[in-house]
file work-v9.csv (CSV, C-alpha atoms)
chain,number,residue,atom,x,y,z
A,1,MET,CA,-11.4,-0.1,3.7
A,2,ASP,CA,-13.7,0.2,0.7
A,3,GLY,CA,-12.7,3.7,0.0
A,4,TRP,CA,-9.0,2.8,0.3
A,5,LEU,CA,-9.5,-0.1,-2.1
A,6,ARG,CA,-11.1,2.3,-4.7
A,7,PHE,CA,-8.3,4.9,-4.2
A,8,THR,CA,-5.7,2.2,-4.7
A,9,ARG,CA,-7.3,0.8,-7.8
A,10,ARG,CA,-7.4,4.4,-9.2
A,11,VAL,CA,-3.7,4.8,-8.5
A,12,MET,CA,-3.0,1.4,-10.1
A,13,CYS,CA,-4.9,2.4,-13.2
A,14,ASP,CA,-3.0,5.6,-13.4
A,15,LEU,CA,0.3,3.8,-13.1
A,16,ARG,CA,-0.8,1.4,-15.9
A,17,THR,CA,-1.7,4.1,-18.3
A,18,GLU,CA,1.0,6.7,-17.3
A,19,PRO,CA,3.8,5.0,-15.4
A,20,GLY,CA,5.9,8.3,-15.4
A,21,ASP,CA,9.4,7.6,-14.2
A,22,MET,CA,8.7,3.9,-13.6
A,23,ALA,CA,9.5,1.5,-16.4
A,24,VAL,CA,6.4,0.2,-18.1
A,25,ARG,CA,7.2,-3.4,-17.4
A,26,SER,CA,7.9,-2.7,-13.7
A,27,ALA,CA,4.7,-0.8,-13.3
A,28,ARG,CA,2.6,-3.6,-14.9
A,29,THR,CA,4.3,-6.3,-12.8
A,30,LEU,CA,3.6,-4.5,-9.6
A,31,ILE,CA,0.0,-3.7,-10.6
A,32,THR,CA,-0.6,-7.4,-11.4
A,33,SER,CA,0.9,-8.5,-8.0
A,34,TRP,CA,-1.1,-5.9,-6.0
A,35,ASN,CA,-4.3,-6.5,-7.9
A,36,ARG,CA,-4.3,-10.1,-6.9
A,37,LEU,CA,-4.2,-9.1,-3.2
A,38,LEU,CA,-6.7,-6.2,-3.7
A,39,ASP,CA,-9.1,-8.6,-5.4
A,40,GLU,CA,-8.9,-11.0,-2.4
A,41,TRP,CA,-9.4,-8.1,0.1
A,42,HIS,CA,-12.3,-6.8,-1.9
A,43,ALA,CA,-14.0,-10.2,-1.9
A,44,ASP,CA,-13.5,-10.6,1.8
A,45,LEU,CA,-14.8,-7.1,2.4
A,46,THR,CA,-18.0,-7.6,0.4
A,47,ALA,CA,-18.6,-10.9,2.2
A,48,LEU,CA,-18.7,-9.2,5.6
A,49,PRO,CA,-22.0,-8.5,7.3
A,50,PRO,CA,-22.9,-4.8,7.6
A,51,GLY,CA,-21.0,-3.0,10.4
A,52,GLN,CA,-18.4,-5.7,10.9
A,53,ASP,CA,-14.7,-4.6,10.9
A,54,PHE,CA,-12.5,-5.9,8.1
A,55,ILE,CA,-9.7,-8.2,9.2
A,56,TRP,CA,-7.7,-10.1,6.6
A,57,GLU,CA,-6.5,-13.4,7.9
A,58,GLY,CA,-4.7,-14.7,4.8
A,59,THR,CA,-1.0,-15.5,4.4
A,60,LEU,CA,1.8,-14.4,2.2
A,61,GLU,CA,5.2,-15.9,1.7
A,62,PRO,CA,7.8,-13.5,3.2
A,63,ASP,CA,9.5,-13.0,-0.2
A,64,GLN,CA,6.1,-12.0,-1.7
A,65,ALA,CA,5.4,-9.6,1.2
A,66,GLU,CA,8.8,-8.1,0.7
A,67,TYR,CA,8.2,-7.7,-3.0
A,68,LEU,CA,4.8,-6.1,-2.5
A,69,LEU,CA,6.3,-3.6,0.0
A,70,HIS,CA,9.1,-2.8,-2.5
A,71,ALA,CA,6.5,-2.3,-5.2
A,72,LEU,CA,4.4,-0.1,-2.9
A,73,GLN,CA,7.4,1.9,-1.9
A,74,ARG,CA,8.5,2.5,-5.6
A,75,SER,CA,5.0,3.5,-6.6
A,76,LEU,CA,4.7,6.0,-3.7
A,77,ARG,CA,8.0,7.6,-4.9
A,78,SER,CA,6.9,7.7,-8.5
A,79,SER,CA,6.4,10.9,-10.4
A,80,MET,CA,2.8,9.8,-11.3
A,81,VAL,CA,1.8,9.5,-7.6
A,82,SER,CA,3.5,12.8,-6.7
A,83,THR,CA,1.5,14.6,-9.4
A,84,ARG,CA,-1.8,12.8,-9.2
A,85,VAL,CA,-2.3,12.0,-5.5
A,86,ASN,CA,-3.4,15.3,-3.9
A,87,ARG,CA,-3.7,16.4,-0.3
A,88,ASP,CA,-7.3,15.2,0.0
A,89,ASP,CA,-6.3,11.8,-1.2
A,90,MET,CA,-3.5,11.8,1.5
A,91,GLN,CA,-6.0,12.8,4.2
A,92,ARG,CA,-8.5,10.1,3.3
A,93,ASN,CA,-6.0,7.3,2.4
A,94,GLY,CA,-2.5,8.1,3.6
A,95,TRP,CA,-2.9,6.8,7.2
A,96,MET,CA,-4.5,3.5,5.9
A,97,THR,CA,-1.5,3.1,3.5
A,98,LEU,CA,0.9,3.7,6.4
A,99,HIS,CA,-1.0,1.2,8.6
A,100,LEU,CA,-0.8,-1.4,5.9
A,101,MET,CA,2.9,-0.8,5.5
A,102,GLU,CA,3.4,-1.1,9.2
A,103,ARG,CA,1.6,-4.5,9.3
A,104,PHE,CA,3.6,-5.9,6.4
A,105,ILE,CA,6.8,-4.7,8.0
A,106,ASP,CA,6.0,-6.0,11.5
A,107,SER,CA,5.2,-9.4,9.9
A,108,LEU,CA,8.5,-9.4,7.9
A,109,GLU,CA,10.6,-8.5,11.0
A,110,SER,CA,10.2,-12.0,12.5
A,111,GLU,CA,11.1,-13.8,9.2
A,112,GLY,CA,14.9,-14.0,9.5
A,113,ARG,CA,18.0,-11.9,9.2
A,114,ALA,CA,17.7,-11.1,5.5
A,115,HIS,CA,14.2,-9.8,5.9
A,116,ALA,CA,15.1,-7.9,9.1
A,117,GLU,CA,17.8,-5.9,7.3
A,118,TYR,CA,15.3,-4.9,4.6
A,119,VAL,CA,12.8,-4.0,7.4
A,120,GLU,CA,15.2,-1.3,8.7
A,121,GLN,CA,15.3,0.3,5.2
A,122,LEU,CA,11.6,0.1,5.0
A,123,ARG,CA,11.1,1.7,8.4
A,124,SER,CA,13.2,4.7,7.3
A,125,SER,CA,11.2,5.1,4.1
A,126,MET,CA,8.0,4.7,6.0
A,127,SER,CA,9.0,7.5,8.4
A,128,ARG,CA,9.6,9.8,5.4
A,129,PHE,CA,6.1,8.9,4.1
A,130,ALA,CA,4.5,9.6,7.5
A,131,GLU,CA,6.1,13.0,7.6
A,132,ARG,CA,4.1,13.9,4.5
A,133,LEU,CA,0.8,12.9,6.0
A,134,PRO,CA,-1.6,15.4,7.6
A,135,PRO,CA,-2.0,15.0,11.4
A,136,GLU,CA,-4.2,12.0,12.2
A,137,SER,CA,-6.8,14.1,13.9
A,138,SER,CA,-7.6,15.8,10.6
A,139,ALA,CA,-7.4,12.6,8.6
A,140,GLY,CA,-11.1,11.9,8.8
A,141,GLN,CA,-12.4,8.5,7.9
A,142,ILE,CA,-10.0,6.3,6.1
call {"tool": "encode", "arguments": {"input": "work-v9.csv", "output": "structure tokens"}}
result
Amino acid sequence: MDGWLRFTRRVMCDLRTEPGDMAVRSARTLITSWNRLLDEWHADLTALPPGQDFIWEGTLEPDQAEYLLHALQRSLRSSMVSTRVNRDDMQRNGWMTLHLMERFIDSLESEGRAHAEYVEQLRSSMSRFAERLPPESSAGQI
């Protein structure tokens, strides 16, 4: 988790300085929203005793979870990510990103019809992202 958090912070920093095809305001808004959650996860991770698995047990409002997923999806499709995130990054961090998306989507699925419709769109996008990942057996530690 620590490696994924460092990778994600690097991507957020890159988006802040060079948003590419994302509008500067959109990039900054998604960075601010994600950084709050990343800060919380980092604090929880550093408080864990050595060797204990990271499990986040916080809550998000469904609309906030949907927004974060939308922001993640937009950043994954951005020109900056496609040029700066290389195969090694995908091997180390792609499956964790996919797992995170799956957990968010699974949680949204039970939140009502409006969210369920968006979930179907997200699952399609997630499938396209998964197709770009190296096989899990070669993913190494994420």
call {"tool": "closest_residue", "arguments": {"input": "work-v9.csv", "among": "A:Asp88, A:Asn93, A:Asp2, A:Ser107", "to": "Thr59 in chain A", "atoms": "all atoms listed in the file"}}
result
A:Ser107
call {"tool": "residues_around", "arguments": {"input": "work-v9.csv", "residues": "Met126 in chain A", "least_positions_apart": "5", "cutoff": "12 Å", "atoms": "all atoms listed in the file", "output": "ChimeraX atom specification"}}
result
/A:69-70,72-74,76-77,94-95,97-105,119-121,131-133
call {"tool": "closest_residue", "arguments": {"input": "work-v9.csv", "among": "A:Val85, A:Pro49, A:Met90, A:Arg113", "to": "Pro135 in chain A", "atoms": "all atoms listed in the file"}}
result
A:Met90
call {"tool": "residues_near_point", "arguments": {"input": "work-v9.csv", "point": "(-9.7, -7.4, 7.9)", "cutoff": "12 Å", "atoms": "only C-alpha atoms", "output": "PyMOL selection string"}}
result
chain A and resi 1-2+40-48+52-58+100+103
call {"tool": "atom_distance", "arguments": {"input": "work-v9.csv", "atom1": "CA of Gly20 in chain A", "atom2": "CA of Thr32 in chain A"}}
result
17.5 Å
call {"tool": "atom_distance", "arguments": {"input": "work-v9.csv", "atom1": "CA of Arg28 in chain A", "atom2": "CA of Arg16 in chain A"}}
result
6.1 Å
call {"tool": "atom_distance", "arguments": {"input": "work-v9.csv", "atom1": "CA of Ile31 in chain A", "atom2": "CA of His115 in chain A"}}
result
22.6 Å
call {"tool": "closest_residue", "arguments": {"input": "work-v9.csv", "among": "A:Asp106, A:Asp39, A:Asp21, A:Glu111", "to": "Asp63 in chain A", "atoms": "only C-alpha atoms"}}
result
A:Glu111
call {"tool": "closest_atom_pairs", "arguments": {"input": "work-v9.csv", "of": "range 48-133 of chain A", "to": "range 4-15 of chain A", "cutoff": "8 Å", "atoms": "all atoms listed in the file", "output": "Markdown table"}}
result
| residue | atom | partner | partner_atom | distance |
| --- | --- | --- | --- | --- |
| A:Met80 | CA | A:Leu15 | CA | 6.7 |
| A:Val81 | CA | A:Val11 | CA | 7.3 |
| A:Val85 | CA | A:Val11 | CA | 7.9 |
| A:Asp89 | CA | A:Phe7 | CA | 7.8 |
| A:Arg92 | CA | A:Trp4 | CA | 7.9 |
| A:Asn93 | CA | A:Trp4 | CA | 5.8 |
| A:Met96 | CA | A:Trp4 | CA | 7.2 |
call {"tool": "closest_residue", "arguments": {"input": "work-v9.csv", "among": "A:Ser79, A:Phe129, A:Pro62, A:Gln91", "to": "Ala116 in chain A", "atoms": "only C-alpha atoms"}}
result
A:Pro62
call {"tool": "closest_residue", "arguments": {"input": "work-v9.csv", "among": "A:Pro19, A:Leu108, A:Arg25, A:Asn35", "to": "Ser82 in chain A", "atoms": "only C-alpha atoms"}}
result
A:Pro19
call {"tool": "residues_around", "arguments": {"input": "work-v9.csv", "residues": "Leu68 in chain A", "least_positions_apart": "3", "cutoff": "8 Å", "atoms": "only C-alpha atoms", "output": "ChimeraX atom specification"}}
result
/A:30,33-34,64-65,71-72
